[in-house]
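Text of work.csv, listed as CSV, C-alpha atoms and all ligand atoms:
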```csv
chain,number,residue,atom,x,y,z
A,1,MET,CA,-1.7,111.6,22.4
A,2,THR,CA,1.1,109.4,21.3
A,3,GLU,CA,3.4,107.9,23.9
A,4,ALA,CA,5.9,110.3,25.3
A,5,LEU,CA,9.6,109.9,24.4
A,6,LEU,CA,10.5,110.7,28.0
A,7,SER,CA,8.2,110.3,30.9
A,8,VAL,CA,9.3,111.2,34.4
A,9,GLU,CA,6.9,110.1,37.1
A,10,ASN,CA,7.0,111.0,40.8
A,11,LEU,CA,10.8,111.4,40.8
A,12,HIS,CA,12.5,111.9,44.2
A,13,THR,CA,16.2,112.6,44.3
A,14,GLN,CA,17.9,113.6,47.6
A,15,PHE,CA,21.3,114.4,49.0
A,16,ARG,CA,22.7,113.7,52.4
A,17,THR,CA,24.7,116.8,53.3
A,18,GLU,CA,26.3,118.1,56.5
A,19,GLY,CA,23.5,120.6,56.8
A,20,GLY,CA,20.9,117.9,56.6
A,21,LEU,CA,18.8,116.1,54.0
A,22,VAL,CA,18.3,118.0,50.8
A,23,GLN,CA,15.2,116.9,48.8
A,24,ALA,CA,16.6,118.4,45.5
A,25,VAL,CA,13.9,116.8,43.3
A,26,ASP,CA,10.6,116.3,45.2
A,27,ASP,CA,7.9,114.3,43.4
A,28,VAL,CA,8.5,115.7,39.9
A,29,SER,CA,6.5,114.4,36.9
A,30,PHE,CA,6.5,115.6,33.3
A,31,ASN,CA,6.5,114.2,29.7
A,32,ILE,CA,8.4,115.2,26.6
A,33,GLN,CA,7.2,114.2,23.2
A,34,ALA,CA,9.6,113.4,20.3
A,35,GLY,CA,10.2,116.6,18.3
A,36,GLU,CA,9.3,118.9,21.2
A,37,THR,CA,11.3,121.6,22.8
A,38,PHE,CA,10.6,121.6,26.5
A,39,ALA,CA,12.0,124.1,29.0
A,40,LEU,CA,12.7,123.6,32.7
A,41,VAL,CA,13.0,127.0,34.4
A,42,GLY,CA,13.7,128.2,37.9
A,43,GLU,CA,16.1,130.0,40.2
A,44,SER,CA,19.5,128.8,41.2
A,45,GLY,CA,19.4,125.7,43.4
A,46,CYS,CA,15.8,124.7,42.7
A,47,GLY,CA,16.8,121.2,41.3
A,48,LYS,CA,17.0,121.7,37.5
A,49,SER,CA,20.4,120.1,37.1
A,50,VAL,CA,19.6,117.3,39.5
A,51,THR,CA,16.6,116.5,37.4
A,52,ALA,CA,18.7,116.3,34.3
A,53,LEU,CA,21.4,114.3,36.1
A,54,SER,CA,18.8,111.9,37.4
A,55,ILE,CA,17.6,111.3,33.8
A,56,MET,CA,21.3,110.8,32.7
A,57,GLY,CA,22.0,108.3,35.5
A,58,LEU,CA,24.7,110.6,36.8
A,59,ILE,CA,23.7,111.3,40.4
A,60,PRO,CA,26.8,110.8,42.6
A,61,ASN,CA,25.9,108.2,45.2
A,62,PRO,CA,26.8,109.0,48.0
A,63,PRO,CA,25.8,111.7,48.8
A,64,GLY,CA,22.9,111.5,46.3
A,65,GLU,CA,20.2,109.0,45.7
A,66,ILE,CA,17.1,108.6,43.6
A,67,THR,CA,14.7,107.2,46.3
A,68,SER,CA,11.6,106.7,44.2
A,69,GLY,CA,9.9,107.3,40.9
A,70,SER,CA,10.4,106.2,37.3
A,71,ILE,CA,12.0,107.6,34.2
A,72,GLN,CA,10.7,106.0,31.1
A,73,PHE,CA,12.6,106.7,27.9
A,74,GLY,CA,11.5,105.1,24.7
A,75,GLY,CA,9.5,102.6,26.7
A,76,VAL,CA,12.4,101.6,29.0
A,77,ASP,CA,12.7,102.4,32.7
A,78,LEU,CA,16.1,104.0,32.9
A,79,LEU,CA,16.2,103.6,36.7
A,80,LYS,CA,16.2,99.8,36.2
A,81,LEU,CA,19.2,99.7,33.8
A,82,SER,CA,22.7,98.6,34.9
A,83,SER,CA,25.4,101.2,34.8
A,84,THR,CA,26.8,99.7,31.6
A,85,GLU,CA,23.4,99.8,29.9
A,86,MET,CA,23.0,103.4,31.1
A,87,ARG,CA,26.4,104.4,29.8
A,88,SER,CA,25.5,103.1,26.4
A,89,ILE,CA,22.2,105.2,26.4
A,90,ARG,CA,24.1,108.3,27.5
A,91,GLY,CA,26.6,108.0,24.6
A,92,SER,CA,24.0,107.3,21.9
A,93,LYS,CA,20.3,108.0,22.7
A,94,ILE,CA,20.5,110.9,25.2
A,95,GLY,CA,23.0,113.7,24.7
A,96,MET,CA,23.7,116.4,27.3
A,97,ILE,CA,25.4,119.7,27.2
A,98,PHE,CA,26.6,120.4,30.7
A,99,GLN,CA,26.5,123.6,32.6
A,100,GLU,CA,30.3,123.9,32.7
A,101,PRO,CA,31.8,123.2,29.2
A,102,MET,CA,35.5,123.2,30.3
A,103,SER,CA,34.8,120.5,32.9
A,104,SER,CA,33.3,118.2,30.2
A,105,LEU,CA,36.1,118.8,27.7
A,106,ASN,CA,39.4,117.0,28.2
A,107,PRO,CA,42.1,119.7,28.1
A,108,VAL,CA,44.9,117.2,26.9
A,109,LEU,CA,43.0,115.7,24.0
A,110,THR,CA,42.4,117.2,20.6
A,111,ILE,CA,38.9,118.1,19.5
A,112,GLU,CA,39.2,115.3,16.9
A,113,SER,CA,39.8,112.6,19.4
A,114,GLN,CA,37.1,113.8,21.7
A,115,LEU,CA,34.6,113.8,18.9
A,116,ALA,CA,35.7,110.7,17.1
A,117,GLU,CA,36.2,108.4,20.1
A,118,PRO,CA,32.6,108.1,21.2
A,119,LEU,CA,31.6,107.6,17.5
A,120,LYS,CA,33.9,104.6,17.3
A,121,ILE,CA,32.6,103.2,20.5
A,122,HIS,CA,28.9,103.7,20.0
A,123,THR,CA,28.4,103.5,16.2
A,124,GLY,CA,31.3,101.1,15.3
A,125,LEU,CA,32.7,103.5,12.7
A,126,SER,CA,36.2,102.9,11.6
A,127,ALA,CA,38.9,105.4,12.7
A,128,SER,CA,39.0,107.3,9.4
A,129,ALA,CA,35.2,107.3,9.0
A,130,ALA,CA,34.8,108.6,12.6
A,131,ASN,CA,37.3,111.4,11.8
A,132,ASP,CA,35.4,112.4,8.7
A,133,ARG,CA,32.2,112.5,10.7
A,134,ALA,CA,33.9,114.6,13.4
A,135,GLN,CA,34.8,117.1,10.7
A,136,GLU,CA,31.2,117.1,9.5
A,137,LEU,CA,30.0,117.8,13.0
A,138,ILE,CA,32.3,120.8,13.4
A,139,ASP,CA,31.0,122.2,10.1
A,140,MET,CA,27.4,121.5,11.3
A,141,VAL,CA,27.9,123.6,14.4
A,142,GLY,CA,29.2,126.5,12.3
A,143,ILE,CA,32.8,126.6,13.3
A,144,PRO,CA,34.9,127.7,10.3
A,145,ASP,CA,38.0,125.9,9.1
A,146,SER,CA,37.0,122.6,10.6
A,147,LYS,CA,40.1,120.7,9.4
A,148,THR,CA,42.4,122.9,11.4
A,149,ARG,CA,40.1,122.9,14.4
A,150,LEU,CA,40.1,119.2,14.7
A,151,LYS,CA,43.8,119.2,15.5
A,152,GLN,CA,43.4,121.9,18.2
A,153,TYR,CA,43.0,121.6,22.0
A,154,PRO,CA,40.1,123.1,23.9
A,155,HIS,CA,42.1,126.0,25.2
A,156,GLU,CA,42.8,127.1,21.7
A,157,LEU,CA,39.1,127.8,21.1
A,158,SER,CA,36.9,130.7,22.3
A,159,GLY,CA,34.1,130.1,24.9
A,160,GLY,CA,31.5,130.2,22.2
A,161,GLN,CA,33.4,127.8,20.0
A,162,ARG,CA,33.8,125.4,23.0
A,163,GLN,CA,30.1,125.5,23.5
A,164,ARG,CA,29.6,124.6,19.9
A,165,ILE,CA,32.0,121.7,20.3
A,166,MET,CA,30.0,120.5,23.3
A,167,ILE,CA,26.8,120.6,21.1
A,168,ALA,CA,28.7,118.7,18.4
A,169,MET,CA,29.7,116.1,21.0
A,170,ALA,CA,26.2,115.8,22.4
A,171,MET,CA,24.8,115.4,18.9
A,172,ALA,CA,27.5,113.1,17.6
A,173,CYS,CA,25.6,109.9,17.8
A,174,ALA,CA,22.3,111.5,16.7
A,175,PRO,CA,20.5,111.3,20.2
A,176,ARG,CA,16.7,111.2,20.4
A,177,LEU,CA,16.9,113.6,23.4
A,178,LEU,CA,19.3,116.5,23.8
A,179,ILE,CA,19.5,118.1,27.2
A,180,ALA,CA,21.0,121.6,27.3
A,181,ASP,CA,21.7,122.6,30.9
A,182,GLU,CA,22.4,126.4,31.0
A,183,ALA,CA,24.3,125.7,27.8
A,184,THR,CA,24.4,129.4,26.8
A,185,THR,CA,24.3,131.3,30.1
A,186,ALA,CA,28.0,132.2,30.1
A,187,LEU,CA,27.9,133.5,26.5
A,188,ASP,CA,27.1,137.0,25.2
A,189,VAL,CA,23.6,137.5,24.0
A,190,THR,CA,24.1,137.3,20.2
A,191,ILE,CA,26.0,134.0,20.6
A,192,GLN,CA,23.4,132.7,23.0
A,193,ALA,CA,20.7,133.2,20.3
A,194,GLN,CA,22.9,131.6,17.6
A,195,ILE,CA,23.6,128.6,19.7
A,196,LEU,CA,19.9,128.1,20.8
A,197,ASP,CA,18.9,128.5,17.1
A,198,LEU,CA,21.5,125.9,16.2
A,199,MET,CA,20.3,123.4,18.8
A,200,GLN,CA,16.8,123.8,17.7
A,201,GLU,CA,17.7,123.5,14.0
A,202,VAL,CA,19.7,120.3,14.6
A,203,THR,CA,17.1,118.7,16.8
A,204,GLU,CA,14.2,119.7,14.4
A,205,LYS,CA,16.1,118.1,11.5
A,206,SER,CA,16.6,114.8,13.3
A,207,GLY,CA,13.1,114.8,15.0
A,208,ALA,CA,14.8,114.7,18.4
A,209,ALA,CA,13.4,116.3,21.5
A,210,LEU,CA,15.2,119.2,23.2
A,211,LEU,CA,15.2,119.9,27.0
A,212,ILE,CA,16.4,123.4,27.7
A,213,ILE,CA,17.3,124.1,31.3
A,214,THR,CA,17.7,127.8,32.3
A,215,HIS,CA,16.9,130.3,35.0
A,216,ASN,CA,15.8,132.8,32.4
A,217,LEU,CA,12.2,132.7,31.2
A,218,GLY,CA,13.1,135.3,28.6
A,219,ILE,CA,15.4,132.9,26.8
A,220,VAL,CA,12.8,130.2,26.5
A,221,ALA,CA,10.0,132.4,25.2
A,222,ARG,CA,11.4,132.1,21.7
A,223,TYR,CA,12.3,128.4,21.7
A,224,ALA,CA,10.1,126.3,24.0
A,225,ASP,CA,6.8,124.5,23.0
A,226,ARG,CA,6.1,123.8,26.7
A,227,VAL,CA,7.6,125.1,29.9
A,228,ALA,CA,7.8,123.6,33.4
A,229,VAL,CA,8.5,126.1,36.2
A,230,MET,CA,10.4,124.6,39.2
A,231,TYR,CA,10.7,126.0,42.7
A,232,ALA,CA,12.4,124.4,45.7
A,233,GLY,CA,12.5,120.9,44.2
A,234,LYS,CA,8.9,120.8,42.9
A,235,LEU,CA,7.2,121.7,39.6
A,236,ARG,CA,4.8,124.6,40.3
A,237,GLU,CA,3.4,125.3,36.8
A,238,VAL,CA,3.5,123.3,33.6
A,239,GLY,CA,1.9,124.4,30.3
A,240,ASP,CA,2.3,125.5,26.7
A,241,ALA,CA,4.9,128.3,26.5
A,242,SER,CA,2.4,130.7,24.9
A,243,ASP,CA,0.0,130.1,27.7
A,244,ILE,CA,2.6,130.5,30.4
A,245,TYR,CA,3.6,133.8,29.0
A,246,ALA,CA,0.2,135.2,28.3
A,247,ALA,CA,-1.6,133.9,31.4
A,248,SER,CA,0.7,132.4,34.0
A,249,GLN,CA,-1.3,131.3,37.0
A,250,HIS,CA,1.4,130.6,39.6
A,251,PRO,CA,2.7,133.6,41.6
A,252,TYR,CA,6.3,132.4,41.2
A,253,THR,CA,6.0,132.3,37.4
A,254,VAL,CA,4.5,135.7,37.5
A,255,GLY,CA,7.5,136.8,39.6
A,256,LEU,CA,10.0,135.3,37.1
A,257,LEU,CA,8.2,137.0,34.2
A,258,ARG,CA,8.2,140.4,35.9
A,259,SER,CA,11.9,140.2,36.5
A,260,VAL,CA,12.9,139.8,32.8
A,261,PRO,CA,12.6,142.7,30.3
A,262,ARG,CA,9.6,142.3,27.9
A,263,LEU,CA,9.5,143.7,24.4
A,264,ASP,CA,5.8,144.5,24.7
A,265,SER,CA,6.1,146.5,28.0
A,266,GLU,CA,6.1,150.3,27.9
A,267,LYS,CA,9.5,152.0,27.7
A,268,GLY,CA,10.7,152.8,31.2
A,269,THR,CA,8.6,150.2,33.0
A,270,PRO,CA,10.8,149.1,35.9
A,271,LEU,CA,11.8,145.5,36.3
A,272,SER,CA,10.8,144.0,39.6
A,273,PRO,CA,12.8,141.1,40.9
A,274,ILE,CA,11.1,138.6,43.2
A,275,GLY,CA,11.5,139.8,46.8
A,276,GLY,CA,12.7,137.6,49.7
A,277,GLU,CA,15.3,134.9,49.6
A,278,ILE,CA,15.6,131.6,47.7
A,279,PRO,CA,14.7,129.0,50.3
A,280,ASP,CA,17.2,126.7,52.1
A,281,LEU,CA,16.3,123.2,50.9
A,282,THR,CA,17.3,121.8,54.3
A,283,ASN,CA,14.9,124.1,56.1
A,284,LEU,CA,11.8,124.8,53.9
A,285,PRO,CA,8.9,126.9,55.2
A,286,GLY,CA,5.7,124.9,56.0
A,287,GLY,CA,2.9,124.6,53.4
A,288,CYS,CA,3.8,126.0,50.0
A,289,ALA,CA,7.5,126.7,49.9
A,290,PHE,CA,6.9,129.9,48.0
A,291,ASN,CA,4.5,131.4,50.5
A,292,PRO,CA,6.9,133.7,52.3
A,293,ARG,CA,7.6,135.5,49.0
A,294,CYS,CA,4.1,135.4,47.7
A,295,GLN,CA,1.8,138.5,47.4
A,296,TRP,CA,-1.2,136.2,46.9
A,297,ALA,CA,-0.6,134.0,50.0
A,298,VAL,CA,-3.5,133.3,52.3
A,299,ASP,CA,-3.4,131.6,55.7
A,300,ARG,CA,-3.8,128.1,54.2
A,301,CYS,CA,-0.7,128.5,52.1
A,302,SER,CA,1.7,128.3,55.2
A,303,VAL,CA,0.1,125.1,56.5
A,304,GLU,CA,-0.9,123.1,53.5
A,305,GLU,CA,1.0,122.1,50.4
A,306,PRO,CA,-0.9,122.6,47.1
A,307,GLU,CA,-0.7,119.7,44.7
A,308,LEU,CA,0.1,120.2,41.0
A,309,ILE,CA,-3.3,119.9,39.4
A,310,GLU,CA,-4.6,120.1,35.9
A,311,ILE,CA,-6.7,123.3,35.6
A,312,SER,CA,-7.3,123.2,31.9
A,313,GLN,CA,-6.2,121.1,29.0
A,314,GLY,CA,-2.4,120.7,29.2
A,315,LYS,CA,-2.0,123.3,32.0
A,316,GLN,CA,-1.0,122.3,35.5
A,317,VAL,CA,-0.6,124.6,38.5
A,318,ALA,CA,0.2,124.1,42.2
A,319,CYS,CA,-1.4,127.1,43.8
A,320,PHE,CA,-4.6,127.4,46.0
A,321,GLU,CA,-5.1,131.0,44.7
A,322,HIS,CA,-4.4,130.3,41.0
A,323,ALA,CA,-7.7,131.7,39.9
A,324,SER,CA,-6.8,135.2,41.3
A,325,VAL,CA,-3.2,135.3,40.1
A,326,SER,CA,-2.4,137.4,37.1
A,327,LEU,CA,0.6,139.1,35.6
A,328,ASN,CA,-0.9,142.6,35.6
A,329,VAL,CA,-1.8,142.9,39.3
B,401,LIG,N1,26.5,116.6,44.7
B,401,LIG,C1,25.7,117.2,45.5
B,401,LIG,N2,25.9,117.1,46.9
B,401,LIG,C2,25.0,117.8,47.7
B,401,LIG,N3,24.0,118.6,47.3
B,401,LIG,C3,23.8,118.7,46.0
B,401,LIG,C4,24.7,118.1,45.0
B,401,LIG,N4,24.3,118.4,43.8
B,401,LIG,C5,23.2,119.2,44.0
B,401,LIG,N5,22.9,119.4,45.3
B,401,LIG,C6,21.9,120.3,45.9
B,401,LIG,O1,20.7,120.0,45.2
B,401,LIG,C7,20.0,121.2,45.1
B,401,LIG,C8,19.6,121.4,43.6
B,401,LIG,O2,20.8,121.7,42.9
B,401,LIG,P1,20.8,121.9,41.3
B,401,LIG,O3,22.2,121.8,40.9
B,401,LIG,O4,19.8,120.9,40.7
B,401,LIG,O5,20.2,123.3,41.1
B,401,LIG,P2,19.9,124.1,39.8
B,401,LIG,O6,18.5,124.4,39.7
B,401,LIG,O7,20.6,123.4,38.7
B,401,LIG,O8,20.7,125.5,40.1
B,401,LIG,P3,21.6,126.4,39.1
B,401,LIG,O9,20.6,127.3,38.3
B,401,LIG,O10,22.4,127.2,40.0
B,401,LIG,O11,22.4,125.6,38.2
B,401,LIG,C9,20.8,122.3,45.6
B,401,LIG,O12,20.4,122.6,47.0
B,401,LIG,C10,22.2,121.7,45.7
B,401,LIG,O13,23.0,122.3,46.7
B,402,MG,MG,22.1,123.8,37.4
```

Please lay out the structure from this file as structure tokens.
Amino acid sequence: MTEALLSVENLHTQFRTEGGLVQAVDDVSFNIQAGETFALVGESGCGKSVTALSIMGLIPNPPGEITSGSIQFGGVDLLKLSSTEMRSIRGSKIGMIFQEPMSSLNPVLTIESQLAEPLKIHTGLSASAANDRAQELIDMVGIPDSKTRLKQYPHELSGGQRQRIMIAMAMACAPRLLIADEATTALDVTIQAQILDLMQEVTEKSGAALLIITHNLGIVARYADRVAVMYAGKLREVGDASDIYAASQHPYTVGLLRSVPRLDSEKGTPLSPIGGEIPDLTNLPGGCAFNPRCQWAVDRCSVEEPELIEISQGKQVACFEHASVSLNV
């Protein structure tokens, strides 16, 4: 296998909060190859955004801190870079579409200046060349009448258009990795699909990798090559998307799959959300953190933590009972 574009190894990111220490990312390792679409999936609060922000060098310290691990990107350990070097990588080699688009767009600047400014800084384009490129980017993300749009402010655009602007901004300097953190969650379903199609098309064209972060396994079925399922700060199952859907072997993944509508299920089949509560990261249950919600749990699961192990080529699972887990039980 060729060397990965991004290689996260044993990443630990924690927050000191009033409620106690939160181990938001707990020994997470995964690789993303150039050209690949990789999905990170899990319920609210499991550590998806903190994983992305760790890669971006954007963990607020305090209260947060990356305590150990490495993040290799294109052969460079991002955790060893200065904040200036990291800022330059963020603007040019890694682009991110954040969970809340309005908070990442500046309300008092026109779209043109928000798109053109980073181009001038990171690519050294002249002001007029950067403005031309900004217009091209608006065309690329499928917003009509790009000339007029460039002169507008964020509040003059619809939610879907603002998301497209965010994609244009993240893609402006042709990054090698695009991270989309719940980039389409707030949008209606048809626009969601259009935007995901668009991100995939743009990254495919440029050979970049795409990291999609979502709580919805249904969304990624169509887009991801590989999927990592996260629960309470740890990866629980990693594998090819087709394999995860056809033969998931972690009870939590099975729970997520049962809670989304499937096109191949019989009409009228009820959806079954995962029972129990999302755990409090300051007070996790002993053993496997999923054990109180797990129908396959045995005694061992409440005392011992299962490691993420490779059970077949390219497929990793952290579950003692993985051999008996199946979607149809
Ligand atoms: N700045 C912060 N200060 C304190 N705790 C934080 C901070 N940012 C994140 N956390 C905690 O880290 C944990 C993981 O949060 P994260 O934002 O990664 O969740 P997520 O998986 O992205 O969830 P969602 O699907 O809701 O976006 C949560 O318990 C959260 O409260
Ligand atoms: Mg998040």

**OP:** Please work out which residues fall within 6 Å of (21.1, 109.5, 21.0), coordinates as given in the file, with all atoms listed in the file counting, and return them as a ChimeraX atom specification.
**Re:** /A:92-95,173-176

**OP:** Could I get the residue neighbourhood of ligand LIG 401 (chain B) at 7 Å, counting all atoms listed in the file, as a ChimeraX atom specification?
**Re:** /A:15-17,22,24,42-51,60,63-64,214-215,281

Original post:
Counting only C-alpha atoms, what is within 9 Å of A:Gln72, bar same-chain residues fewer than 6 positions away, as a PyMOL selection string?
Top reply: chain A and resi 4-9+78-79

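What separates atom CA of A:Ala289 from atom CA of A:Ile219 is a distance of 25.2 Å.
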
Subject >> For A:Ala186: contacts at 12 Å, all atoms listed in the file, fewer than 2 positions along chain excluded, given as a list in words >> reply: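 Contacts, with the query itself left out: Phe98, Gln99, Glu100, Pro101, Met102, Ser158, Gly159, Gly160, Arg162, Gln163, Asp181, Glu182, Ala183, Thr184, Asp188, Val189, Thr190, Ile191, Gln192, Ile195 and Thr214 of chain A.
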